$ cat run.cif   # mmCIF, C-alpha atoms and all ligand atoms
data_protein
loop_
_atom_site.label_atom_id
_atom_site.label_comp_id
_atom_site.auth_asym_id
_atom_site.auth_seq_id
_atom_site.Cartn_x
_atom_site.Cartn_y
_atom_site.Cartn_z
CA MET A 1 -56.77 62.98 25.54
CA THR A 2 -53.69 62.26 23.44
CA ALA A 3 -51.18 59.61 24.50
CA PHE A 4 -47.56 60.64 24.13
CA THR A 5 -44.11 59.30 24.86
CA ALA A 6 -41.61 61.34 26.82
CA TYR A 7 -38.33 61.04 28.66
CA CYS A 8 -38.82 61.80 32.32
CA ALA A 9 -36.92 61.76 35.60
CA CYS A 10 -38.81 60.00 38.39
CA ASP A 11 -36.68 61.41 41.20
CA ALA A 12 -33.91 63.93 41.82
CA HIS A 13 -30.72 63.10 39.90
CA GLY A 14 -32.62 60.14 38.44
CA PRO A 15 -31.83 59.10 34.89
CA LEU A 16 -34.24 60.22 32.19
CA LEU A 17 -36.21 57.22 30.98
CA PRO A 18 -39.05 56.76 28.47
CA LYS A 19 -42.61 56.67 29.75
CA MET A 20 -46.12 57.09 28.33
CA PHE A 21 -48.29 60.03 29.46
CA GLN A 22 -51.52 61.72 28.33
CA ARG A 23 -51.85 65.26 27.06
CA ARG A 24 -55.17 66.97 27.78
CA ALA A 25 -57.97 66.93 25.20
CA LEU A 26 -57.76 70.13 23.13
CA ARG A 27 -59.49 73.10 24.74
CA ALA A 28 -61.09 75.62 22.37
CA ASP A 29 -57.89 77.71 22.03
CA ASP A 30 -55.36 74.85 22.17
CA VAL A 31 -52.89 73.68 19.58
CA LEU A 32 -51.48 70.13 19.38
CA ILE A 33 -47.84 70.18 18.26
CA GLU A 34 -45.78 67.27 16.92
CA ILE A 35 -42.37 68.11 18.34
CA ALA A 36 -39.48 67.94 15.87
CA TYR A 37 -36.60 69.17 18.03
CA CYS A 38 -36.07 70.21 21.63
CA GLY A 39 -32.99 71.94 23.03
CA VAL A 40 -31.30 70.87 26.27
CA CYS A 41 -30.89 73.82 28.63
CA HIS A 42 -28.75 73.85 31.76
CA SER A 43 -31.97 74.74 33.61
CA ASP A 44 -33.27 71.27 32.64
CA VAL A 45 -30.30 69.77 34.49
CA HIS A 46 -30.94 72.02 37.52
CA GLN A 47 -34.60 70.99 37.55
CA VAL A 48 -33.93 67.26 37.24
CA ASN A 49 -31.36 67.56 40.04
CA ASN A 50 -33.94 69.50 42.09
CA ASP A 51 -31.28 72.20 42.62
CA TRP A 52 -34.00 74.80 43.22
CA ASN A 53 -36.01 72.57 45.62
CA ASN A 54 -39.18 72.98 43.59
CA THR A 55 -39.25 70.03 41.18
CA THR A 56 -42.36 67.85 40.99
CA PHE A 57 -41.61 64.30 39.81
CA PRO A 58 -42.08 62.71 37.39
CA CYS A 59 -40.47 65.61 35.55
CA VAL A 60 -40.43 65.85 31.75
CA PRO A 61 -38.00 68.70 30.99
CA GLY A 62 -37.69 70.69 27.78
CA HIS A 63 -38.59 74.30 27.03
CA GLU A 64 -36.87 74.89 23.70
CA ILE A 65 -39.53 73.29 21.51
CA VAL A 66 -40.08 73.45 17.75
CA GLY A 67 -42.36 71.39 15.55
CA HIS A 68 -45.50 71.35 13.44
CA VAL A 69 -49.14 71.92 14.29
CA ALA A 70 -51.00 68.60 14.18
CA ALA A 71 -54.48 69.72 15.32
CA VAL A 72 -56.22 72.86 16.55
CA GLY A 73 -59.14 73.61 18.86
CA PRO A 74 -62.32 75.19 17.37
CA GLU A 75 -61.45 78.78 18.38
CA VAL A 76 -57.83 78.80 17.19
CA THR A 77 -57.17 81.57 14.65
CA ARG A 78 -53.39 82.14 14.71
CA HIS A 79 -52.21 78.66 13.67
CA LYS A 80 -53.30 75.91 11.30
CA VAL A 81 -52.36 72.29 10.79
CA GLY A 82 -48.89 71.99 9.27
CA ASP A 83 -47.57 75.36 10.51
CA ARG A 84 -43.99 75.51 11.79
CA VAL A 85 -44.24 76.61 15.40
CA ALA A 86 -42.27 77.03 18.61
CA VAL A 87 -42.88 77.04 22.35
CA GLY A 88 -40.49 78.47 24.92
CA CYS A 89 -40.30 78.50 28.69
CA PHE A 90 -43.93 79.21 29.51
CA VAL A 91 -47.33 78.04 28.27
CA ASP A 92 -49.80 80.31 30.06
CA SER A 93 -50.17 83.46 32.17
CA CYS A 94 -53.02 85.50 33.65
CA GLY A 95 -53.24 87.79 30.60
CA GLN A 96 -54.50 90.69 32.70
CA CYS A 97 -51.71 92.04 34.88
CA GLU A 98 -49.46 94.90 33.82
CA SER A 99 -46.64 92.52 32.84
CA CYS A 100 -48.89 90.40 30.65
CA LEU A 101 -50.41 93.47 29.02
CA GLN A 102 -46.90 94.73 28.26
CA GLY A 103 -45.84 91.44 26.66
CA GLN A 104 -43.65 90.56 29.63
CA GLU A 105 -45.58 87.38 30.43
CA GLN A 106 -42.56 85.85 32.17
CA HIS A 107 -43.14 88.36 34.99
CA CYS A 108 -46.91 87.69 35.28
CA THR A 109 -47.90 88.76 38.78
CA GLY A 110 -50.32 85.85 38.98
CA GLY A 111 -47.38 83.52 38.31
CA VAL A 112 -46.44 82.44 34.80
CA THR A 113 -47.16 78.78 33.96
CA ALA A 114 -43.84 77.14 33.17
CA THR A 115 -43.71 74.75 30.20
CA TYR A 116 -42.68 72.01 32.60
CA ASN A 117 -42.75 71.74 36.35
CA GLY A 118 -45.53 74.33 36.31
CA LYS A 119 -49.17 74.15 37.35
CA ASP A 120 -51.83 74.12 34.64
CA ARG A 121 -54.14 77.07 35.31
CA VAL A 122 -57.31 75.04 34.63
CA SER A 123 -56.64 71.50 35.86
CA GLY A 124 -53.88 72.21 38.39
CA GLU A 125 -51.84 69.36 36.90
CA ASN A 126 -48.05 69.42 36.73
CA THR A 127 -46.97 70.57 33.28
CA LEU A 128 -44.77 68.24 31.22
CA GLY A 129 -42.23 69.64 28.78
CA GLY A 130 -40.70 69.04 25.40
CA TYR A 131 -38.59 65.87 25.71
CA ALA A 132 -41.68 64.34 24.15
CA ASP A 133 -43.23 63.63 20.78
CA LYS A 134 -46.26 65.89 21.35
CA ILE A 135 -47.38 68.87 23.40
CA VAL A 136 -50.65 70.77 23.81
CA VAL A 137 -50.37 74.55 24.32
CA ARG A 138 -52.74 77.54 24.27
CA GLU A 139 -52.39 79.21 20.87
CA LYS A 140 -51.31 82.56 22.32
CA PHE A 141 -48.17 80.91 23.69
CA VAL A 142 -47.27 79.28 20.38
CA LEU A 143 -44.88 81.30 18.18
CA HIS A 144 -44.37 81.21 14.42
CA VAL A 145 -41.08 79.90 13.06
CA PRO A 146 -40.27 81.87 9.88
CA ASP A 147 -39.75 79.71 6.79
CA ALA A 148 -36.16 80.90 6.46
CA LEU A 149 -35.21 79.46 9.84
CA ASP A 150 -34.05 75.83 9.72
CA LEU A 151 -36.08 74.02 12.40
CA LYS A 152 -32.99 72.01 13.39
CA TYR A 153 -31.33 75.16 14.65
CA ALA A 154 -34.31 77.12 15.88
CA SER A 155 -34.98 75.48 19.25
CA PRO A 156 -32.14 77.09 21.31
CA LEU A 157 -33.54 80.52 20.46
CA LEU A 158 -36.57 79.75 22.65
CA CYS A 159 -34.59 79.93 25.89
CA ALA A 160 -30.84 80.45 25.41
CA GLY A 161 -31.44 83.05 22.71
CA ILE A 162 -34.25 85.01 24.30
CA THR A 163 -32.57 85.05 27.72
CA VAL A 164 -29.58 86.94 26.35
CA TRP A 165 -31.55 88.97 23.77
CA THR A 166 -33.91 90.57 26.33
CA PRO A 167 -31.32 92.28 28.55
CA MET A 168 -29.32 93.38 25.51
CA ARG A 169 -32.38 95.00 23.93
CA GLU A 170 -33.59 96.50 27.19
CA ASN A 171 -30.16 98.03 27.85
CA GLY A 172 -29.78 99.48 24.37
CA VAL A 173 -26.87 97.28 23.27
CA GLY A 174 -25.88 98.43 19.79
CA LYS A 175 -23.11 99.78 17.64
CA GLY A 176 -20.00 100.38 19.69
CA THR A 177 -21.29 98.98 23.01
CA LYS A 178 -18.33 97.47 24.82
CA LEU A 179 -19.85 94.18 25.90
CA ALA A 180 -18.50 91.09 27.66
CA VAL A 181 -20.07 87.66 27.87
CA VAL A 182 -19.01 85.59 30.88
CA GLY A 183 -19.25 81.84 30.20
CA LEU A 184 -19.26 80.42 26.69
CA GLY A 185 -22.03 77.83 26.87
CA GLY A 186 -25.55 77.65 25.50
CA LEU A 187 -26.58 81.13 26.61
CA GLY A 188 -23.11 82.63 26.21
CA HIS A 189 -22.55 81.62 22.61
CA MET A 190 -25.91 83.10 21.64
CA GLY A 191 -24.93 86.22 23.57
CA VAL A 192 -21.80 86.53 21.42
CA LYS A 193 -23.61 85.99 18.13
CA LEU A 194 -26.48 88.36 18.91
CA ALA A 195 -24.26 91.08 20.38
CA VAL A 196 -22.02 90.98 17.31
CA ALA A 197 -25.12 91.20 15.09
CA LEU A 198 -26.26 94.27 17.04
CA GLY A 199 -22.89 95.94 16.41
CA ALA A 200 -21.29 95.58 19.84
CA GLU A 201 -17.56 95.16 20.49
CA VAL A 202 -17.62 91.74 22.10
CA THR A 203 -15.23 90.12 24.56
CA VAL A 204 -15.67 86.58 25.86
CA ILE A 205 -14.58 85.97 29.45
CA THR A 206 -14.05 82.24 29.90
CA THR A 207 -12.56 79.69 32.27
CA SER A 208 -11.69 77.47 29.27
CA PRO A 209 -8.55 78.34 27.30
CA SER A 210 -9.63 75.73 24.73
CA LYS A 211 -12.67 77.88 23.78
CA ALA A 212 -10.63 80.91 22.67
CA ASP A 213 -10.60 80.00 18.98
CA ASP A 214 -14.31 79.18 19.01
CA ALA A 215 -15.09 82.51 20.65
CA LEU A 216 -13.31 84.35 17.85
CA ALA A 217 -14.98 82.16 15.21
CA LEU A 218 -18.38 83.04 16.72
CA GLY A 219 -17.51 86.69 16.08
CA ALA A 220 -16.03 87.85 19.39
CA HIS A 221 -13.31 90.47 19.03
CA LYS A 222 -11.35 89.50 22.12
CA VAL A 223 -11.05 86.70 24.69
CA LEU A 224 -10.12 87.05 28.36
CA LEU A 225 -9.27 84.13 30.62
CA SER A 226 -10.96 84.78 33.95
CA THR A 227 -8.25 82.79 35.72
CA ASP A 228 -5.54 85.11 34.34
CA ARG A 229 -5.50 87.86 36.94
CA LYS A 230 -3.13 90.03 34.96
CA SER A 231 -5.30 90.27 31.87
CA MET A 232 -8.41 90.73 34.01
CA MET A 233 -6.70 93.67 35.77
CA ALA A 234 -5.73 95.09 32.38
CA SER A 235 -9.45 95.29 31.55
CA LEU A 236 -10.58 97.30 34.60
CA ASN A 237 -13.40 99.76 33.72
CA ALA A 238 -13.42 98.47 30.14
CA PHE A 239 -17.06 97.46 29.57
CA ASP A 240 -20.50 99.07 29.30
CA PHE A 241 -22.41 95.82 29.64
CA ILE A 242 -21.50 92.40 31.03
CA LEU A 243 -23.71 89.36 30.60
CA ASP A 244 -22.96 86.78 33.30
CA THR A 245 -24.13 83.26 32.36
CA ILE A 246 -22.21 81.26 35.00
CA PRO A 247 -24.63 78.48 36.05
CA LYS A 248 -23.84 78.36 39.76
CA ARG A 249 -22.93 80.37 42.85
CA HIS A 250 -19.91 82.57 42.17
CA ASP A 251 -18.15 85.81 42.98
CA VAL A 252 -19.29 88.66 40.72
CA ASN A 253 -16.80 91.18 42.13
CA PRO A 254 -13.98 90.36 39.66
CA TYR A 255 -16.44 91.05 36.82
CA LEU A 256 -17.99 94.17 38.40
CA MET A 257 -14.52 95.72 38.44
CA LEU A 258 -14.48 95.53 34.67
CA LEU A 259 -17.48 97.87 34.27
CA GLY A 260 -16.89 101.47 33.28
CA ARG A 261 -19.04 104.45 34.31
CA ASN A 262 -22.77 103.61 34.46
CA GLY A 263 -21.98 100.10 33.27
CA VAL A 264 -24.34 97.24 34.05
CA LEU A 265 -23.65 93.61 34.89
CA VAL A 266 -26.67 91.41 34.20
CA VAL A 267 -26.79 88.05 35.98
CA VAL A 268 -28.76 85.50 33.97
CA GLY A 269 -27.02 82.26 34.94
CA ALA A 270 -26.96 81.79 38.70
CA ILE A 271 -30.51 81.31 39.99
CA GLU A 272 -29.19 81.00 43.54
CA PRO A 273 -27.26 83.04 46.14
CA LEU A 274 -24.14 84.83 44.95
CA GLU A 275 -21.00 85.53 46.97
CA PRO A 276 -21.32 88.87 48.83
CA VAL A 277 -21.05 91.88 46.55
CA HIS A 278 -18.64 94.67 47.46
CA GLY A 279 -20.67 97.88 47.76
CA GLY A 280 -17.61 99.97 46.98
CA LEU A 281 -17.35 98.36 43.58
CA LEU A 282 -20.96 99.25 42.81
CA ILE A 283 -20.61 102.81 44.05
CA ARG A 284 -17.45 103.55 42.08
CA ASN A 285 -18.35 104.30 38.46
CA ASN A 286 -22.10 104.21 39.35
CA ARG A 287 -22.07 100.55 38.41
CA ARG A 288 -25.29 98.56 38.38
CA LEU A 289 -25.91 94.91 39.13
CA ALA A 290 -29.08 93.51 37.58
CA GLY A 291 -30.82 90.29 36.63
CA SER A 292 -33.02 89.19 33.76
CA LEU A 293 -35.55 86.41 33.25
CA ILE A 294 -35.99 84.88 29.76
CA GLY A 295 -38.24 87.21 27.67
CA GLY A 296 -41.85 87.83 26.68
CA LEU A 297 -43.78 86.56 23.67
CA PRO A 298 -43.33 89.67 21.46
CA ALA A 299 -39.57 89.76 22.08
CA THR A 300 -39.27 86.03 21.37
CA GLN A 301 -41.13 86.40 18.07
CA GLU A 302 -38.90 89.39 17.25
CA LEU A 303 -35.83 87.25 17.94
CA LEU A 304 -37.04 84.39 15.72
CA CYS A 305 -37.55 86.87 12.85
CA PHE A 306 -34.21 88.61 13.50
CA CYS A 307 -32.35 85.28 13.37
CA ALA A 308 -34.26 84.12 10.27
CA GLU A 309 -33.45 87.33 8.37
CA ARG A 310 -29.75 87.16 9.21
CA GLN A 311 -29.42 83.37 9.16
CA LEU A 312 -28.02 83.74 12.65
CA LEU A 313 -28.11 80.17 13.97
CA PRO A 314 -27.11 78.56 17.24
CA GLN A 315 -24.28 76.05 17.16
CA CYS A 316 -26.05 72.76 17.89
CA GLU A 317 -24.94 69.22 18.56
CA LEU A 318 -27.88 67.08 17.45
CA ILE A 319 -28.44 64.01 19.63
CA ASP A 320 -30.82 61.06 19.77
CA ILE A 321 -33.03 61.07 22.83
CA GLY A 322 -31.31 57.89 24.06
CA SER A 323 -28.15 60.00 24.58
CA VAL A 324 -29.82 62.58 26.78
CA ASN A 325 -28.32 61.25 30.04
CA ASP A 326 -24.84 61.46 28.51
CA ALA A 327 -25.65 64.98 27.38
CA TYR A 328 -26.54 65.92 30.97
CA ALA A 329 -23.26 64.47 32.24
CA ARG A 330 -21.33 66.32 29.55
CA MET A 331 -23.11 69.59 30.28
CA GLN A 332 -22.21 69.29 33.96
CA ALA A 333 -18.60 68.60 32.95
CA ASN A 334 -18.65 71.78 30.80
CA ASP A 335 -18.35 69.72 27.63
CA VAL A 336 -20.94 71.12 25.23
CA LYS A 337 -20.38 73.10 22.05
CA TYR A 338 -22.70 74.84 22.41
CA ARG A 339 -26.22 73.43 22.67
CA PHE A 340 -27.46 69.87 22.63
CA VAL A 341 -30.63 69.53 20.57
CA ILE A 342 -32.69 66.35 20.71
CA ASP A 343 -33.93 65.11 17.33
CA MET A 344 -37.38 63.87 18.27
CA ALA A 345 -37.48 61.49 15.28
CA SER A 346 -35.30 59.28 17.50
CA LEU A 347 -38.06 59.16 20.12
CA ARG A 348 -40.67 58.18 17.53
CA GLU A 349 -38.37 55.47 16.15
CA SER A 350 -37.64 54.02 19.59
CA ALA A 351 -41.34 54.09 20.53
CA ALA A 352 -42.22 52.26 17.28
CA ALA A 353 -39.50 49.59 17.74
P1 LIG A 401 -24.04 75.90 29.87
O1 LIG A 401 -24.27 75.62 28.42
O2 LIG A 401 -23.62 74.81 30.76
O3 LIG A 401 -22.99 77.13 29.93
C1 LIG A 401 -22.52 77.69 31.12
C2 LIG A 401 -21.09 78.20 30.90
O4 LIG A 401 -20.65 78.83 32.11
C3 LIG A 401 -20.09 77.09 30.64
O5 LIG A 401 -19.98 76.77 29.27
C4 LIG A 401 -18.79 77.68 31.17
O6 LIG A 401 -18.20 78.55 30.20
C5 LIG A 401 -19.26 78.57 32.32
N1 LIG A 401 -19.08 77.92 33.62
C6 LIG A 401 -19.55 76.70 34.00
N2 LIG A 401 -19.22 76.45 35.29
C7 LIG A 401 -18.53 77.54 35.71
C8 LIG A 401 -17.92 77.91 36.95
N3 LIG A 401 -17.96 77.09 38.01
N4 LIG A 401 -17.29 79.11 37.03
C9 LIG A 401 -17.22 79.94 35.97
N5 LIG A 401 -17.79 79.64 34.78
C10 LIG A 401 -18.43 78.48 34.67
O7 LIG A 401 -25.37 76.51 30.53
P2 LIG A 401 -26.53 77.39 29.86
O8 LIG A 401 -27.56 76.49 29.28
O9 LIG A 401 -25.90 78.46 29.06
O10 LIG A 401 -27.20 78.00 31.17
C11 LIG A 401 -26.46 78.84 32.03
C12 LIG A 401 -27.28 79.16 33.26
O11 LIG A 401 -28.35 80.05 32.90
C13 LIG A 401 -27.94 77.96 33.96
O12 LIG A 401 -27.75 78.07 35.35
C14 LIG A 401 -29.41 78.12 33.63
O13 LIG A 401 -30.24 77.59 34.64
C15 LIG A 401 -29.54 79.63 33.57
N6 LIG A 401 -30.66 80.12 32.78
C16 LIG A 401 -31.24 81.27 33.18
C17 LIG A 401 -32.26 81.82 32.45
C18 LIG A 401 -32.87 83.13 32.84
O14 LIG A 401 -34.01 83.40 32.47
N7 LIG A 401 -32.15 83.97 33.53
C19 LIG A 401 -32.72 81.17 31.28
C20 LIG A 401 -32.06 80.02 30.88
C21 LIG A 401 -31.02 79.49 31.62
P3 LIG A 401 -16.60 78.71 30.04
O15 LIG A 401 -16.09 77.33 29.74
O16 LIG A 401 -16.50 79.67 28.91
O17 LIG A 401 -16.09 79.28 31.32
ZN ZN A 402 -33.68 77.18 29.46
#

$ encode --input "run.cif" --output "structure tokens" --more "lines below"
Ligand code: NAP
Ligand code: ZN
Amino acid sequence: MTAFTAYCACDAHGPLLPKMFQRRALRADDVLIEIAYCGVCHSDVHQVNNDWNNTTFPCVPGHEIVGHVAAVGPEVTRHKVGDRVAVGCFVDSCGQCESCLQGQEQHCTGGVTATYNGKDRVSGENTLGGYADKIVVREKFVLHVPDALDLKYASPLLCAGITVWTPMRENGVGKGTKLAVVGLGGLGHMGVKLAVALGAEVTVITTSPSKADDALALGAHKVLLSTDRKSMMASLNAFDFILDTIPKRHDVNPYLMLLGRNGVLVVVGAIEPLEPVHGGLLIRNNRRLAGSLIGGLPATQELLCFCAERQLLPQCELIDIGSVNDAYARMQANDVKYRFVIDMASLRESAAA
């Protein structure tokens, strides 16, 4: 067993506080990782608030993990001590179902094992995530971070990045695709950067007038204020693909109206009921409403390499772990530009003090 320090919530809405835990002794195909950075996803806030009624406490969030290999089990072949590695939203799956065999482990029919608030497939224990100095993960679920990718900026790719990358790739987003991103937050800003890199014509649809300049600086070609009915109406039928990252229940109809013929609106943000959808809006223009869940291991590795080659980096606000509760409050107040990333050196320093 390996002792480790982590920030955990002991009950719903509870503050995140430091606590000691144990990671399992390395199994034959396990890797021990010293975590360098961990991104703060809005899903972490939902989980700590028990918004989805499925959180087991104590809960150690964190599924945007990067660091270095510190030890390996005897059968590990893909990683060695010192390697720069990453772990995303899941740490195990059955490995045998059609989804797993197709590299779509997130859809494992036996139930994917989430990086935190999941159930370890061997011991049945609650999994504990990356707001920690160490983590133990099966080697298959540990990705390589290319040398060209600065570790400081790599962590948001593991969830925010892959969640927007997957539906774009699966829907053939490329040169000339007329694409809109709804919500300029952690997921949304990666959506803009990646869509621009793929050659799309990108519009940001935001509730925040103050983000217009940022949207353009991130590479968007146009900005629409969703509260400005006139400019929304001027964009009817304008898009092939809309990525909706709004993190709560909302009305998708005003966005559906913006899809042209055979256009698709992909919901990635609201993991909860939506307002009723108007069938007429779907039927006109053969519009499609879809969803998408993170992405599989091969796609995540592809994304890490794509971003390394192009030096396409998330916009991060680095924080000490002691500021994580403020970061949660700011995220809920829509005050993040555009991803908080915890520098885990601050956890080691506070544990040593
Ligand atoms: P975030 O950084 O807080 O960004 C969300 C953005 O949505 C905000 O910046 C804001 O952009 C907009 N927004 C917030 N409240 C809104 C409201 N009431 N109405 C309209 N727009 C609103 O969050 P995130 O980390 O990107 O995560 C977004 C959601 O995706 C979360 O619910 C998370 O759980 C979910 N998620 C899903 C997956 C998946 O696999 N599908 C993976 C990761 C995360 P503007 O200021 O531009 O309006
Ligand atoms: Zn996430």

$ residues_around --input "run.cif" --residues "Val40 (chain A)" --least-positions-apart "5" --cutoff "10 Å" --atoms "only C-alpha atoms" --output "ChimeraX atom specification"
/A:45,61-65,130-131,155-156,159-160,186,319,324,327-328,331,339-342

$ residues_around --input "run.cif" --residues "region 198-214 of chain A" --least-positions-apart "5" --cutoff "10 Å" --atoms "all atoms listed in the file" --output "compact mmCIF listing (two decimals) with C-alpha atoms, keeping the file's coordinate frame"
# COMPACT_ATOMS: atom_id res chain seq x y z
CA MET A 168 -29.32 93.38 25.51
CA ARG A 169 -32.38 95.00 23.93
CA GLY A 172 -29.78 99.48 24.37
CA VAL A 173 -26.87 97.28 23.27
CA GLY A 174 -25.88 98.43 19.79
CA LYS A 175 -23.11 99.78 17.64
CA GLY A 176 -20.00 100.38 19.69
CA THR A 177 -21.29 98.98 23.01
CA LYS A 178 -18.33 97.47 24.82
CA LEU A 179 -19.85 94.18 25.90
CA ALA A 180 -18.50 91.09 27.66
CA VAL A 181 -20.07 87.66 27.87
CA VAL A 182 -19.01 85.59 30.88
CA GLY A 183 -19.25 81.84 30.20
CA LEU A 184 -19.26 80.42 26.69
CA GLY A 185 -22.03 77.83 26.87
CA GLY A 188 -23.11 82.63 26.21
CA HIS A 189 -22.55 81.62 22.61
CA GLY A 191 -24.93 86.22 23.57
CA VAL A 192 -21.80 86.53 21.42
CA LYS A 193 -23.61 85.99 18.13
CA GLY A 219 -17.51 86.69 16.08
CA ALA A 220 -16.03 87.85 19.39
CA HIS A 221 -13.31 90.47 19.03
CA LYS A 222 -11.35 89.50 22.12
CA VAL A 223 -11.05 86.70 24.69
CA LEU A 224 -10.12 87.05 28.36
CA LEU A 225 -9.27 84.13 30.62
CA SER A 226 -10.96 84.78 33.95
CA THR A 227 -8.25 82.79 35.72
CA ASP A 228 -5.54 85.11 34.34
CA MET A 232 -8.41 90.73 34.01
CA PHE A 239 -17.06 97.46 29.57
CA PHE A 241 -22.41 95.82 29.64
CA ILE A 242 -21.50 92.40 31.03
CA LEU A 243 -23.71 89.36 30.60
CA ASP A 244 -22.96 86.78 33.30
CA ILE A 246 -22.21 81.26 35.00
CA TYR A 255 -16.44 91.05 36.82
CA ASN A 334 -18.65 71.78 30.80
CA LYS A 337 -20.38 73.10 22.05

$ closest_residue --input "run.cif" --among "A:Arg287, A:His144, A:Arg330, A:Arg229" --to "ligand LIG 401 (chain A)" --atoms "only C-alpha atoms and all ligand atoms"
A:Arg330

$ closest_residue --input "run.cif" --among "A:Glu34, A:Asn54, A:Ala197, A:Pro254" --to "Ala345 (chain A)" --atoms "all atoms listed in the file"
A:Glu34

$ closest_residue --input "run.cif" --among "A:Asp11, A:Gly73, A:Thr163, A:His278" --to "ligand ZN 402 (chain A)" --atoms "all atoms listed in the file"
A:Thr163

$ residues_near_point --input "run.cif" --point "(-34.7, 76.1, 7.3)" --cutoff "12 Å" --atoms "only C-alpha atoms" --output "VMD selection string"
chain A and resid 84 145 to 155 307 to 309 311 to 313

$ atom_distance --input "run.cif" --atom1 "atom N7 of ligand LIG 401 (chain A)" --atom2 "CA of Gly118 (chain A)"
16.7 Å

$ closest_residue --input "run.cif" --among "A:Lys134, A:His46, A:His13, A:Arg23" --to "ligand LIG 401 (chain A)" --atoms "only C-alpha atoms and all ligand atoms"
A:His46

$ closest_residue --input "run.cif" --among "A:Leu26, A:Leu289, A:Leu16, A:Met190" --to "Asn253 (chain A)" --atoms "all atoms listed in the file"
A:Leu289

$ closest_residue --input "run.cif" --among "A:Leu32, A:Cys100, A:Ala114, A:Ala71" --to "Ala86 (chain A)" --atoms "all atoms listed in the file"
A:Leu32

$ atom_distance --input "run.cif" --atom1 "CA of His68 (chain A)" --atom2 "CA of Cys10 (chain A)"
28.2 Å

$ residues_around --input "run.cif" --residues "Arg24 (chain A)" --least-positions-apart "4" --cutoff "12 Å" --atoms "all atoms listed in the file" --output "number ranges by chain"
A: 1-4, 28, 30-32, 73, 120, 122-128, 134-138

$ atom_distance --input "run.cif" --atom1 "CA of His107 (chain A)" --atom2 "CA of Ile294 (chain A)"
9.5 Å

$ residues_around --input "run.cif" --residues "Thr113 (chain A)" --least-positions-apart "3" --cutoff "8 Å" --atoms "only C-alpha atoms" --output "list in words"
Phe90, Val91, Asp92, Ser93, Gly118, Lys119, Asp120 and Arg121 of chain A

$ write_last_selection --input "run.cif" --atoms "C-alpha atoms" --output "mmCIF file, keeping the file's coordinate frame"
data_model
loop_
_atom_site.group_PDB
_atom_site.id
_atom_site.type_symbol
_atom_site.label_atom_id
_atom_site.label_comp_id
_atom_site.auth_asym_id
_atom_site.auth_seq_id
_atom_site.Cartn_x
_atom_site.Cartn_y
_atom_site.Cartn_z
ATOM 1 C CA PHE A 90 -43.930 79.210 29.510
ATOM 2 C CA VAL A 91 -47.330 78.040 28.270
ATOM 3 C CA ASP A 92 -49.800 80.310 30.060
ATOM 4 C CA SER A 93 -50.170 83.460 32.170
ATOM 5 C CA GLY A 118 -45.530 74.330 36.310
ATOM 6 C CA LYS A 119 -49.170 74.150 37.350
ATOM 7 C CA ASP A 120 -51.830 74.120 34.640
ATOM 8 C CA ARG A 121 -54.140 77.070 35.310
#

$ residues_around --input "run.cif" --residues "region 5-7 of chain A" --least-positions-apart "5" --cutoff "7 Å" --atoms "all atoms listed in the file" --output "PyMOL selection string"
chain A and resi 16-21+60+131-133

$ write_last_selection --input "run.cif" --atoms "C-alpha atoms" --output "compact mmCIF listing (two decimals), in the coordinates of the input"
# COMPACT_ATOMS: atom_id res chain seq x y z
CA LEU A 16 -34.24 60.22 32.19
CA LEU A 17 -36.21 57.22 30.98
CA PRO A 18 -39.05 56.76 28.47
CA LYS A 19 -42.61 56.67 29.75
CA MET A 20 -46.12 57.09 28.33
CA PHE A 21 -48.29 60.03 29.46
CA VAL A 60 -40.43 65.85 31.75
CA TYR A 131 -38.59 65.87 25.71
CA ALA A 132 -41.68 64.34 24.15
CA ASP A 133 -43.23 63.63 20.78
